[in-house]
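The data block below is input-v1.txt; it holds compact mmCIF, C-alpha atoms.
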```txt
# COMPACT_ATOMS: atom_id res chain seq x y z
CA MET I 41 46.33 223.98 93.09
CA SER I 42 48.19 227.28 93.24
CA ALA I 43 51.09 226.00 91.12
CA HIS I 44 51.65 228.30 88.17
CA HIS I 45 51.12 226.69 84.83
CA PRO I 46 52.34 228.33 81.62
CA ASP I 47 48.76 228.48 80.36
CA ASP I 48 47.30 229.68 83.65
CA ASP I 49 46.63 233.11 82.24
CA HIS I 50 43.13 234.48 82.19
CA SER I 51 43.43 235.80 78.68
CA HIS I 52 43.97 232.24 77.46
CA LEU I 53 41.30 230.54 79.52
CA ASP I 54 38.01 229.65 77.92
CA ALA I 55 34.72 231.19 78.99
CA MET I 56 33.49 228.21 81.02
CA THR I 57 36.73 227.98 82.96
CA LEU I 58 36.41 231.63 83.92
CA ARG I 59 32.72 231.41 84.79
CA VAL I 60 33.09 228.32 86.95
CA ARG I 61 36.14 229.79 88.67
CA ALA I 62 34.22 233.01 89.38
CA LEU I 63 31.33 231.08 90.94
CA GLU I 64 33.62 228.89 93.03
CA THR I 65 35.50 231.98 94.26
CA VAL I 66 32.32 233.83 95.25
CA LEU I 67 30.91 230.80 97.06
CA THR I 68 34.20 230.14 98.84
CA GLU I 69 34.63 233.77 99.91
CA LYS I 70 31.13 233.71 101.38
CA GLY I 71 31.80 230.47 103.19
CA TYR I 72 29.03 228.62 101.33
CA VAL I 73 31.45 226.13 99.80
CA ASP I 74 34.52 224.44 101.25
CA PRO I 75 37.11 223.93 98.45
CA ALA I 76 38.41 220.84 100.23
CA ALA I 77 34.90 219.34 100.01
CA LEU I 78 34.95 219.96 96.26
CA ASP I 79 38.28 218.14 95.97
CA GLU I 80 36.85 215.26 97.98
CA LEU I 81 33.72 215.04 95.79
CA ILE I 82 35.84 214.97 92.64
CA ASP I 83 38.22 212.36 94.04
CA ILE I 84 35.36 210.07 95.06
CA TYR I 85 33.70 210.05 91.64
CA GLU I 86 36.86 210.19 89.57
CA ASN I 87 38.87 207.58 91.47
CA ARG I 88 36.84 205.59 93.97
CA VAL I 89 33.31 204.90 92.67
CA GLY I 90 32.82 203.26 89.30
CA PRO I 91 31.67 200.23 87.32
CA LYS I 92 34.05 197.94 89.20
CA ASN I 93 31.48 198.11 92.01
CA GLY I 94 28.67 196.94 89.76
CA ALA I 95 30.89 194.24 88.28
CA ARG I 96 31.37 192.82 91.79
CA VAL I 97 27.61 192.71 92.27
CA VAL I 98 27.12 190.89 88.96
CA ALA I 99 29.96 188.43 89.60
CA ARG I 100 28.52 187.63 93.03
CA ALA I 101 25.09 187.05 91.51
CA TRP I 102 26.61 184.73 88.90
CA SER I 103 28.43 182.75 91.60
CA ASP I 104 25.96 182.60 94.45
CA PRO I 105 22.33 181.62 93.74
CA ALA I 106 21.18 182.78 97.18
CA TYR I 107 22.73 186.21 96.61
CA ARG I 108 21.17 186.38 93.17
CA ALA I 109 17.76 185.67 94.69
CA ARG I 110 18.22 188.44 97.27
CA LEU I 111 19.43 190.81 94.55
CA MET I 112 16.38 190.25 92.39
CA GLU I 113 14.05 190.52 95.40
CA ASN I 114 15.54 193.71 96.87
CA GLY I 115 18.38 195.23 94.86
CA THR I 116 19.00 198.06 97.32
CA GLU I 117 19.57 195.74 100.30
CA ALA I 118 21.59 193.12 98.41
CA ILE I 119 23.87 195.76 96.91
CA ARG I 120 24.28 197.39 100.31
CA GLU I 121 25.65 194.03 101.55
CA LEU I 122 28.67 194.68 99.32
CA GLY I 123 29.03 198.20 100.69
CA TYR I 124 27.50 200.20 97.85
CA ALA I 125 24.71 202.64 98.69
CA GLY I 126 23.76 206.28 98.84
CA ARG I 127 23.38 209.13 96.44
CA GLN I 128 21.72 208.15 93.16
CA GLY I 129 21.51 204.59 94.39
CA GLU I 130 19.05 205.03 97.25
CA HIS I 131 16.58 202.67 95.56
CA LEU I 132 18.09 200.05 93.27
CA VAL I 133 16.32 197.54 91.05
CA VAL I 134 18.14 194.80 89.15
CA VAL I 135 16.69 193.57 85.85
CA GLU I 136 17.85 190.26 84.52
CA ASN I 137 18.73 189.30 80.95
CA THR I 138 17.62 185.86 79.80
CA PRO I 139 17.98 184.04 76.48
CA GLY I 140 14.68 185.62 75.37
CA VAL I 141 14.79 189.05 77.05
CA HIS I 142 17.36 191.84 76.87
CA ASN I 143 17.16 194.88 79.14
CA MET I 144 18.49 198.39 78.50
CA VAL I 145 18.42 201.43 80.81
CA VAL I 146 17.93 205.09 79.86
CA CYS I 147 16.81 208.37 81.36
CA THR I 148 14.92 210.22 78.63
CA LEU I 149 14.22 213.25 80.85
CA CYS I 150 17.68 213.92 82.29
CA SER I 151 20.58 211.63 83.21
CA CYS I 152 19.48 209.35 86.08
CA TYR I 153 22.06 206.59 86.56
CA PRO I 154 23.01 204.29 89.47
CA TRP I 155 26.08 206.14 90.76
CA PRO I 156 27.14 203.82 93.63
CA VAL I 157 27.47 200.84 91.27
CA LEU I 158 28.42 202.46 87.95
CA GLY I 159 29.94 205.84 88.88
CA LEU I 160 29.05 208.91 86.84
CA PRO I 161 27.43 208.32 83.44
CA PRO I 162 29.43 208.59 80.20
CA VAL I 163 28.68 211.48 77.85
CA TRP I 164 26.77 209.31 75.37
CA TYR I 165 24.32 208.19 78.09
CA LYS I 166 23.44 211.85 78.76
CA SER I 167 23.33 212.79 75.07
CA ALA I 168 20.26 213.61 72.98
CA PRO I 169 20.82 210.71 70.52
CA TYR I 170 20.72 208.10 73.29
CA ARG I 171 17.95 209.73 75.34
CA SER I 172 15.73 210.13 72.28
CA ARG I 173 16.28 206.80 70.54
CA ALA I 174 16.70 204.27 73.34
CA VAL I 175 12.92 204.06 73.78
CA ASN I 176 11.80 203.83 70.14
CA ASP I 177 14.86 202.49 68.32
CA PRO I 178 16.66 200.25 70.80
CA ARG I 179 17.86 197.88 68.08
CA GLY I 180 19.37 200.77 66.14
CA VAL I 181 21.09 202.03 69.28
CA LEU I 182 22.42 198.57 70.10
CA ALA I 183 23.80 198.27 66.56
CA GLU I 184 25.80 201.46 67.18
CA PHE I 185 27.37 199.67 70.13
CA GLY I 186 28.09 196.64 67.94
CA VAL I 187 25.43 194.54 69.66
CA GLU I 188 23.13 192.46 67.50
CA LEU I 189 20.47 190.35 69.22
CA PRO I 190 18.55 187.47 67.64
CA GLU I 191 15.39 188.58 65.81
CA GLY I 192 12.91 187.26 68.38
CA THR I 193 14.64 188.67 71.46
CA GLU I 194 12.33 190.90 73.48
CA ILE I 195 13.94 194.23 74.34
CA ASN I 196 12.77 195.90 77.53
CA VAL I 197 13.85 199.50 77.99
CA TRP I 198 13.78 200.96 81.49
CA ASP I 199 13.23 204.74 81.52
CA SER I 200 14.48 206.07 84.87
CA THR I 201 11.62 208.46 85.58
CA SER I 202 11.69 208.24 89.39
CA GLU I 203 14.41 207.79 92.03
CA MET I 204 14.49 204.05 91.35
CA ARG I 205 17.79 203.22 89.65
CA TYR I 206 18.20 200.24 87.35
CA LEU I 207 21.12 197.85 86.91
CA VAL I 208 21.13 195.15 84.24
CA LEU I 209 22.23 191.67 85.30
CA PRO I 210 23.69 190.25 82.10
CA MET I 211 23.85 186.54 81.30
CA ARG I 212 26.93 184.72 82.50
CA PRO I 213 29.19 183.99 79.52
CA GLU I 214 29.68 180.40 78.48
CA GLY I 215 32.97 178.74 79.27
CA THR I 216 33.30 180.31 82.72
CA GLU I 217 32.37 177.31 84.87
CA GLY I 218 34.38 177.25 88.05
CA TRP I 219 35.72 180.80 87.63
CA SER I 220 36.36 182.88 90.74
CA GLU I 221 34.23 185.95 91.43
CA GLU I 222 37.24 188.12 90.74
CA ASP I 223 37.83 186.56 87.31
CA LEU I 224 34.13 186.79 86.51
CA ALA I 225 34.04 190.47 87.47
CA ALA I 226 36.69 191.17 84.82
CA LEU I 227 34.16 190.10 82.17
CA VAL I 228 31.52 192.60 83.30
CA THR I 229 31.72 195.84 81.37
CA ARG I 230 29.94 199.05 82.28
CA ASP I 231 27.90 198.87 79.09
CA ALA I 232 26.81 195.31 79.92
CA MET I 233 25.24 196.70 83.11
CA ILE I 234 23.47 199.51 81.20
CA GLY I 235 22.33 197.04 78.55
CA THR I 236 24.13 198.65 75.63
CA GLY I 237 26.76 195.91 75.71
CA LEU I 238 27.27 192.28 76.56
CA PRO I 239 29.82 190.84 78.97
CA LEU I 240 33.18 189.88 77.52
CA SER I 241 33.69 186.27 76.55
CA PRO I 242 36.63 184.41 78.14
CA GLU I 243 38.64 184.93 74.92
CA GLU I 244 38.12 188.71 75.11
CA VAL I 245 39.56 189.17 78.60
CA PRO I 246 42.58 191.46 78.46
CA ALA I 247 45.71 189.60 79.56
CA MET B 142 6.72 220.78 81.43
CA THR B 143 6.95 219.75 77.82
CA THR B 144 10.15 221.09 76.41
CA VAL B 145 13.30 219.83 74.74
CA HIS B 146 14.62 217.90 77.75
CA ASP B 147 11.75 215.43 77.26
CA MET B 148 13.55 213.60 74.46
CA GLY B 149 12.07 210.11 74.34
CA GLY B 150 11.07 209.23 70.77
CA VAL B 151 12.16 212.57 69.27
CA HIS B 152 13.79 212.25 65.85
CA GLY B 153 16.76 214.01 64.33
CA PHE B 154 19.50 213.84 66.98
CA GLY B 155 21.64 211.42 64.99
CA ALA B 156 23.77 208.49 66.04
CA VAL B 157 24.95 207.59 69.53
CA GLU B 158 28.70 208.11 69.63
CA PRO B 159 30.38 206.15 72.40
CA GLU B 160 33.88 207.40 73.20
CA ALA B 161 36.56 204.75 73.74
CA ASP B 162 38.37 205.04 77.09
CA GLU B 163 36.31 208.08 77.99
CA PRO B 164 37.71 210.16 80.85
CA MET B 165 35.34 210.94 83.73
CA PHE B 166 35.68 214.65 82.97
CA HIS B 167 36.77 216.35 79.77
CA ALA B 168 38.09 219.57 81.29
CA GLU B 169 39.11 220.84 84.71
CA TRP B 170 36.12 223.22 84.77
CA GLU B 171 33.80 220.20 84.43
CA ARG B 172 35.28 218.72 87.61
CA ARG B 173 34.73 221.97 89.48
CA ALA B 174 31.22 222.55 88.04
CA PHE B 175 30.22 219.02 89.04
CA ALA B 176 31.52 219.40 92.59
CA VAL B 177 30.18 222.95 93.07
CA THR B 178 26.74 221.72 92.00
CA LEU B 179 26.72 218.87 94.50
CA ALA B 180 28.18 220.96 97.33
CA SER B 181 25.82 223.90 96.76
CA ALA B 182 22.77 221.82 97.68
CA THR B 183 23.86 222.10 101.34
CA PRO B 184 23.75 225.90 101.60
CA GLY B 185 20.97 226.10 98.99
CA GLY B 186 18.67 223.51 100.51
CA TRP B 187 16.94 222.61 97.25
CA SER B 188 15.64 219.16 96.36
CA ILE B 189 16.84 217.08 93.45
CA ASP B 190 13.41 217.62 91.92
CA GLU B 191 13.79 221.39 92.00
CA SER B 192 17.29 221.16 90.54
CA ARG B 193 15.97 219.05 87.64
CA PHE B 194 13.11 221.52 87.11
CA THR B 195 15.61 224.38 87.03
CA ARG B 196 17.80 222.67 84.41
CA GLU B 197 14.92 221.78 82.13
CA SER B 198 13.61 225.37 82.45
CA LEU B 199 16.58 226.74 80.51
CA PRO B 200 15.49 228.28 77.21
CA PRO B 201 15.13 225.36 74.75
CA ALA B 202 17.76 226.65 72.32
CA GLU B 203 20.25 227.09 75.17
CA TYR B 204 19.51 223.61 76.54
CA LEU B 205 20.11 221.95 73.19
CA THR B 206 23.32 223.80 72.41
CA SER B 207 24.87 223.41 75.86
CA SER B 208 27.08 220.55 76.96
CA TYR B 209 25.96 218.50 79.94
CA TYR B 210 28.04 220.34 82.52
CA GLU B 211 27.19 223.69 80.94
CA ILE B 212 23.56 222.81 81.71
CA TRP B 213 24.50 221.87 85.27
CA PHE B 214 26.41 225.12 85.70
CA ALA B 215 23.56 227.24 84.35
CA GLY B 216 21.21 225.33 86.66
CA VAL B 217 23.21 225.81 89.83
CA VAL B 218 23.72 229.51 89.09
CA ASN B 219 19.97 229.97 88.71
CA LEU B 220 19.28 228.04 91.92
CA LEU B 221 21.85 230.03 93.88
CA LYS B 222 20.46 233.30 92.55
CA SER B 223 16.92 232.19 93.44
CA ARG B 224 18.06 231.85 97.07
CA GLY B 225 19.90 235.16 97.03
CA LEU B 226 23.20 233.38 97.68
CA VAL B 227 25.00 234.92 94.70
CA THR B 228 24.26 237.82 92.38
CA ASP B 229 25.02 238.54 88.73
CA GLU B 230 27.26 241.38 89.87
CA GLU B 231 29.31 238.99 91.99
CA LEU B 232 29.63 236.49 89.15
CA ALA B 233 30.78 239.27 86.83
CA ALA B 234 33.28 240.54 89.40
CA GLY B 235 34.48 237.04 90.34
CA HIS B 236 34.37 238.02 94.01
CA ALA B 237 31.88 238.34 96.83
CA LEU B 238 30.41 241.84 96.95
CA GLU B 239 27.88 241.25 99.70
CA PRO B 240 28.34 239.76 103.16
CA PRO B 241 27.27 236.12 103.51
CA LYS B 242 23.79 235.41 104.79
CA PRO B 243 23.81 234.33 108.42
CA SER B 244 23.47 230.67 109.37
CA VAL B 245 23.95 229.26 105.86
CA LYS B 246 25.85 225.99 106.18
CA ALA B 247 28.58 224.69 103.88
CA LEU B 248 29.27 221.02 103.17
CA LYS B 249 32.51 220.25 105.00
CA ALA B 250 35.11 217.94 103.46
CA ALA B 251 34.88 215.66 106.49
CA ASP B 252 31.12 215.24 105.94
CA VAL B 253 31.22 214.49 102.22
CA ALA B 254 31.41 210.69 102.43
CA ALA B 255 28.64 210.44 105.02
CA THR B 256 26.42 212.86 103.09
CA LEU B 257 26.81 210.86 99.89
CA GLY B 258 26.29 207.63 101.81
CA ARG B 259 22.97 208.88 103.17
CA GLY B 260 21.85 210.20 99.79
CA GLY B 261 18.24 211.30 99.61
CA PRO B 262 15.93 208.31 100.02
CA THR B 263 12.46 209.13 98.72
CA GLU B 264 10.46 206.26 100.21
CA ARG B 265 7.87 207.28 102.83
CA GLU B 266 5.37 205.49 105.08
CA ALA B 267 2.15 204.52 103.36
CA THR B 268 -0.95 206.27 104.70
CA ALA B 269 -3.39 204.61 102.30
CA PRO B 270 -3.47 201.30 100.48
CA ALA B 271 -2.15 201.09 96.93
CA ARG B 272 -4.86 201.61 94.35
CA PHE B 273 -3.26 199.24 91.82
CA LYS B 274 -1.62 195.82 91.94
CA VAL B 275 0.73 193.97 89.62
CA GLY B 276 -1.07 193.06 86.39
CA ASP B 277 -3.65 195.87 86.54
CA ARG B 278 -4.20 197.81 83.32
CA VAL B 279 -3.83 201.56 83.70
CA VAL B 280 -4.07 204.58 81.45
CA THR B 281 -1.71 207.50 81.96
CA SER B 282 -2.69 211.11 82.34
CA ARG B 283 -2.87 213.38 79.29
CA ALA B 284 -2.09 216.42 81.41
CA ASN B 285 0.47 218.83 80.02
CA PRO B 286 1.53 220.81 83.10
CA PRO B 287 3.75 223.87 82.60
CA THR B 288 5.76 222.70 85.62
CA HIS B 289 7.99 219.69 86.32
CA THR B 290 6.60 216.25 85.58
CA ARG B 291 8.22 212.83 85.44
CA LEU B 292 5.58 211.48 83.05
CA PRO B 293 7.34 211.74 79.68
CA ARG B 294 5.20 212.96 76.79
CA TYR B 295 5.65 209.74 74.80
CA ALA B 296 3.90 207.87 77.61
CA ARG B 297 0.94 210.25 78.12
CA GLY B 298 -2.56 208.98 77.45
CA ARG B 299 -1.25 205.43 76.93
CA ILE B 300 -2.36 202.10 78.30
CA GLY B 301 0.12 200.06 80.28
CA THR B 302 0.28 197.30 82.86
CA ILE B 303 1.46 197.58 86.45
CA HIS B 304 4.70 195.60 86.50
CA ARG B 305 5.96 196.30 90.00
CA VAL B 306 4.85 198.25 93.07
CA HIS B 307 7.76 200.31 94.43
CA GLY B 308 6.12 201.61 97.61
CA VAL B 309 5.21 205.17 98.54
CA HIS B 310 7.65 207.82 97.33
CA VAL B 311 7.97 211.61 97.30
CA PHE B 312 5.94 212.82 94.32
CA ALA B 313 8.54 214.63 92.22
CA ASP B 314 6.01 216.66 90.21
CA LYS B 315 4.81 218.45 93.36
CA ASN B 316 8.04 218.47 95.34
CA ALA B 317 9.82 220.28 92.47
CA ILE B 318 7.55 223.30 92.84
CA HIS B 319 7.65 223.60 96.65
CA ALA B 320 4.17 222.11 96.92
CA GLY B 321 5.31 219.57 99.52
CA GLU B 322 6.47 216.00 99.24
CA ASN B 323 2.95 214.64 98.58
CA PRO B 324 4.13 211.02 98.94
CA ALA B 325 2.22 208.73 96.59
CA TRP B 326 2.35 205.11 95.50
CA LEU B 327 4.96 204.61 92.83
CA TYR B 328 4.61 201.90 90.22
CA ASN B 329 6.68 200.48 87.41
CA VAL B 330 4.40 200.52 84.39
CA ARG B 331 5.07 198.42 81.30
CA PHE B 332 4.04 199.80 77.89
CA GLU B 333 4.16 197.48 74.91
CA THR B 334 6.08 199.13 72.08
CA GLY B 335 3.05 198.97 69.76
CA GLU B 336 1.03 201.05 72.25
CA LEU B 337 3.71 203.75 72.22
CA TRP B 338 4.91 203.78 68.64
CA GLY B 339 2.14 202.15 66.59
CA PRO B 340 3.23 200.66 63.28
CA ASP B 341 6.82 201.88 63.77
CA ALA B 342 7.28 199.81 66.92
CA GLN B 343 10.17 197.41 67.22
CA SER B 344 8.79 194.26 68.71
CA PRO B 345 8.78 192.17 70.71
CA GLY B 346 9.52 194.67 73.41
CA ALA B 347 8.33 197.17 75.94
CA VAL B 348 9.26 200.41 77.63
CA HIS B 349 8.97 200.59 81.41
CA CYS B 350 8.44 203.90 83.25
CA ASP B 351 8.15 204.62 86.96
CA LEU B 352 4.95 206.59 87.51
CA TRP B 353 3.09 207.82 90.56
CA GLU B 354 -0.55 207.17 91.36
CA PRO B 355 -1.63 210.71 90.34
CA HIS B 356 -0.33 209.93 86.82
CA LEU B 357 -2.59 206.87 86.51
CA GLU B 358 -6.22 205.83 86.18
CA ALA B 359 -7.68 202.35 85.85
CA ALA B 360 -8.01 201.40 82.18
```

Taking this structure as input, can you express it in the form of structure tokens?
Amino acid sequence: MSAHHPDDDHSHLDAMTLRVRALETVLTEKGYVDPAALDELIDIYENRVGPKNGARVVARAWSDPAYRARLMENGTEAIRELGYAGRQGEHLVVVENTPGVHNMVVCTLCSCYPWPVLGLPPVWYKSAPYRSRAVNDPRGVLAEFGVELPEGTEINVWDSTSEMRYLVLPMRPEGTEGWSEEDLAALVTRDAMIGTGLPLSPEEVPA
Amino acid sequence: MTTVHDMGGVHGFGAVEPEADEPMFHAEWERRAFAVTLASATPGGWSIDESRFTRESLPPAEYLTSSYYEIWFAGVVNLLKSRGLVTDEELAAGHALEPPKPSVKALKAADVAATLGRGGPTEREATAPARFKVGDRVVTSRANPPTHTRLPRYARGRIGTIHRVHGVHVFADKNAIHAGENPAWLYNVRFETGELWGPDAQSPGAVHCDLWEPHLEAA
């Protein structure tokens, strides 16, 4: 942290770097913030919590009908069984894609997102184009993600306006009969669990 | 409040641009701004509702021209100043100029995991029966409060159907303005796209919002 970098010179640092550093310094000097707690928070969300968690939930639901039933009945409790809970996932609801219904999640008012299962949201999820258009132009948004659904598919958009957090349970890809949960989880992309993507097909799995 | 953060259905923002292999943070200052914001809630003692209200209260032009973590940073600075925990003079100096307030607690590194694990559940005990049940038709409020509300403007004065009953939850609109938790029944309400967007609606389809009983009347 204190290592000297060639560019670690205030005159070359941008305004936000300086402003954030000033705030962190003031808060630390006053004892309101523990820098080690900041490092821990960053490490958790940068390295430990992410869409791999959600992919495990989806793969379990695809493999275990009893788990799937519990997940649809009470998402919070079923997801807690796998060890995922807490901040921005206090109340979880799973919405299920079917051949006739596709689900997509947005937060038009801010950036609500199920952190324990998906990690922190990507920039596009928090951006004005997505927040504005997901609710009135979902097909146009999906096209920008390369997703085209059959004409008659009903699209349900879930606007996260309370502390309920939504996770999409995509349809299990064909040709995966007998696959292990671990192999299935590799098909589950982050976007498939937001509803802006579909799971990978067996042919698309990276080697 | 009805300002630029309430984006649902607004035109003109252009295409969604997903970034391939996006990093979690795009600059070191974003990491620090993110963590400072989360950690400051311990000494600051504000609710998530108040922090949202503070962010959306930025001047509209500033909100729209700021990046996500710039908005977070501006928000946490305003919250900290509102509690007297930092001053503009200190931010300009980059150092503490006043002694710390007594008995303000910091979030300790050892407590981070447990604090995140607890989160902030908003469900509360019911003290009255739910007014609506699944399948009931409801009409949403047309109110346009100058303070925080979780009823987006595109869904005001519209008819929907109760899709799910979530239980009794802290009412964000009141909690954001220090008016108490005011727990109220929370419902998932389904709005058919035609009800929201008229002839421009993409159908078949619906938009679902979570709304509290004070947002709703029987239709």

**Message:** Measuring between only C-alpha atoms, which one of B:Leu257, B:Leu238, B:Val275, B:Ala267 shows the shortest distance to chain I?
**Reply:**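 So, comparing all the options, the nearest one is B:Leu257.
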
**Complete:** Of B:His349, B:Arg193, B:His310, B:Arg265, the one sitting nearest Tyr295 (chain B) when using only C-alpha atoms is B:His349

**Request:** Output the contact residues of chain I with respect to chain B at a cut-off of 6 Å, based on all atoms listed in the file, as a ChimeraX atom specification.
**Result:** /I:57,62-63,66,70,72-74,76-78,81,126-127,130,148-149,164,169-173,176,194-199,201-202

**Distance criterion (only C-alpha atoms): nearest to Ala99 (chain I) out of I:Val163, I:Leu224, I:Met144, I:Leu158** =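 The shortest atom-to-atom distance to Ala99 (chain I) comes from I:Leu224.
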
**Prompt:** Which one is closest to Lys166 (chain I): I:Val60, I:Ala109, I:Ala125, I:Val145? Count all atoms listed in the file.
**Reply:**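 Closest to Lys166 (chain I), using all atoms listed in the file: I:Val145.
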
**Message:** With distances taken over only C-alpha atoms, which residue among I:Arg110, I:Ser151, I:Ala226, I:Pro162 lies nearest Asp162 (chain B)?
**Reply:** I:Pro162

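We find CA of Glu244 (chain I) and CA of Ala174 (chain I) to be spaced 26.5 Å apart.
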
**Separation of CA of Pro91 (chain I) from CA of Cys147 (chain I) in Å** =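 Rounded to one decimal, the two atoms are 18.0 Å apart.
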
**Request:** In Å, rounded to a single decimal, give me how far CA of Ser188 (chain B) is from CA of Lys92 (chain I).
**Result:**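 CA of Lys92 (chain I) sits 29.0 Å away from CA of Ser188 (chain B).
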
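In terms of minimum interatomic distance to Glu266 (chain B), B:Gly308 ranks closest within B:Pro287, B:Gly308, B:Pro355, B:Pro340, counting only C-alpha atoms.
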
**Message:** List as a VMD selection string the residues having at least one atom at most 9 Å from position (23.6, 206.2, 88.2) as given in the file, counting all atoms listed in the file.
**Reply:** chain I and resid 127 to 129 151 to 161 205 to 207

**Exercise: Gly216 (chain B) partners within 8 Å, all atoms listed in the file, chain neighbours under 2 positions left out, as a ChimeraX atom specification** = /B:192,195-196,199,212-214,218-220
